[in-house]
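Novice: What follows is a single structure, and I will ask about it in a moment.
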Amino acid sequence: MQPLKGITVVTLEHAIAAPFATRQLADLGARVIKIERPGSGDFARGYDERVRGLASHFVWTNRSKESLTLDVKHPEAAAILERLVMEKADVVVQNLAPGAATRLGLGYDKLSAAKPGLIVCDISGYGDDLHNPGPYRDKKAYDLLIQSEAGFVSVTGTPEEPCKAGPSIADIAAGMYAYSSILAALLQRGQTGKGQRIDISMLESLAEWTSYPLYYAFEGAEPPPRTGASHATIYPYGPFPAGDGTTVMLGLQNEREWVSFCEKVLQQPDLAKDPRFTANFKRVAERTALRQIIVDAFEPLTGAQVVERLERAQIANAQVNTMRDVWAHPQLKARGRWTEVGTAVGPVPAMLPPGTWDTGPRMDPVPALGEHTDAILAELGWGPTEIAGLHAAKAV
């Protein structure tokens, strides 16, 4: 049995943060009913057409869900949503603008008064606490903007130019904290019978993920510099060119590895005793000189030869893979991490979620817009004529 089999999640979601959280709940077996705007749906459906006409973001974050179209501002649709939550939901998730869910009658105080076991997870850019809103509560928040506000951009990139992360890292961080917090709330409800409200802030999520640079800059100290793909505070740790034009990524973690690197990779054992390089903080300070030594040593070698030496010395290394390389990665293939999910345009590849359990994850199709509307309405007791009337009234 999948761990969340029997749990129903009703979600008013768009973009990435909330859909990523609820997709992971669906992976564990939860029934996830996604409320979408009639005619257009989650605006992430229109981000691109890279997956045989479907949007890459949407395919990634919405498998195994049911799509119910409701115009939540229409009185009849609002009544449907209220019944759905009251009769079916264990968890409500939303990442609408702060205050929007409350105006729709989906605030935790109102819902919990009628259904004390309900868990409500609100996701926003800066947090949504009426008692302690902070000056940024109503400020618009997109992934790039949160990466900037959280300080992430300031420590990412090259010395000349700060950069954002390629993936939507702020959305992903918030989605992960929403997911784990909902799991914890379900465990607590199992002990107490009571639900709770979870307030997830993208800013707080990514500030946590910004990690050691905050403490590295403790009490006004200088933050770690931007060093491209190299590590800011450990050296050598990053990309180095080989003589054939390829790039080898390598990393050292301790003095034992430094000695081995000098002897077996650079084949310059005396370098390990050079006073400029006898501790990590010294190597960081002298990274320019040390980089040139390494580049000169690699210049007669191909990338494959460098990797062979690194493996022999037991120095961590990796290929700088492209997206095409990851699709064909031999480790993912060997571990059987690829499967397929259905979509409106046929099956597409999908990576199994990290982690394994006995029954495996749920990997059901990505829903077409409104695909499950009629079935869910029938489940709630609406008859065919009533359903046709709701369509005619554009309530669904």
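Residues are named by chain letter and number: chains run A, B, ... in the order of the structure tokens, numbers start at 1 in each chain, and ligands are numbered from 1 in the order shown.
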Quick one: residues within 12 Å of His231 (chain A), only C-alpha atoms counted, chain neighbours fewer than 4 positions away excluded, as JSON, numbers by chain?

Specialist: {"A": [155, 156, 157, 158, 213, 224, 225, 226, 227, 235, 236, 237, 238, 239, 249, 250, 251, 252, 253, 280, 283, 284, 287]}

Novice: Which of region 61-149 of chain A end up as strand (DSSP E) when DSSP is run on this backbone - answer as an MDAnalysis selection string?

Specialist: chainID A and resid 65:69 91:94 119:124

Novice: Could you check how far CA of Arg189 (chain A) sits from CA of Glu36 (chain A), in Å to one decimal?

Specialist: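 If I compute the distance from CA of Arg189 (chain A) to CA of Glu36 (chain A), I get 28.1 Å.
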
Novice: Let me make sure I understand: among A:Asp71, A:Leu145, A:Gly245, A:Glu87, which one has the smallest atom-to-atom distance to Ile169 (chain A) if we use only C-alpha atoms?

Specialist: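 Residue with the minimum atom-to-atom distance to Ile169 (chain A): A:Leu145.
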
Novice: Hey, which of A:Glu149, A:Glu66, A:Glu371, A:Glu13 ends up closest to Ala26 (chain A)? Count only C-alpha atoms.

Specialist: A:Glu66

Novice: Identify which of the residues A:Met202, A:Ala30, A:Leu118, A:Ala113 lies closest to Ile16 (chain A), counting only C-alpha atoms when measuring atom-to-atom distances.

Specialist: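 Nearest to Ile16 (chain A): A:Met202.
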
Novice: Give the helix (DSSP H, G or I) residues of region 193-396 of chain A, as DSSP finds them on the backbone, and put them as a ChimeraX atom specification.

Specialist: /A:202-210,212-216,218-220,255-265,269-273,280-285,287-298,303-312,323-327,330-334,373-379,384-392

Novice: Enter the distance from CA of Ala185 (chain A) to CA of Ala17 (chain A), in Å, rounded to one decimal.

Specialist: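 Answer for the CA of Ala185 (chain A) to CA of Ala17 (chain A) separation: 18.3 Å.
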
Novice: Which value, in Å to one decimal, gives the distance between CA of Trp209 (chain A) and CA of Ile234 (chain A)?

Specialist: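 Result for CA of Trp209 (chain A) versus CA of Ile234 (chain A): 18.8 Å, one decimal.
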
Novice: A:Ser201, A:Pro167, A:Leu183, A:Ile387: which is nearest Gly134 (chain A), counting only C-alpha atoms?

Specialist: A:Ser201

Novice: Fewer than 5 positions away in the same chain doesn't count, so skip those; otherwise give me all residues within 10 Å of Trp357 (chain A), counting only C-alpha atoms, as a PyMOL selection string.

Specialist: chain A and resi 1-3+28

Novice: Using only C-alpha atoms, which residues sit within 10 Å of region 320-331 of chain A once same-chain residues fewer than 5 positions away are excluded, as number ranges by chain?

Specialist: A: 239, 246-249, 336-338, 349, 351

Novice: Need to verify the contact set: Pro116 (chain A), 9 Å, only C-alpha atoms, exclusion of same-chain residues closer than 4 positions in sequence. Can you return it as a PyMOL selection string?

Specialist: chain A and resi 111-112+193-196
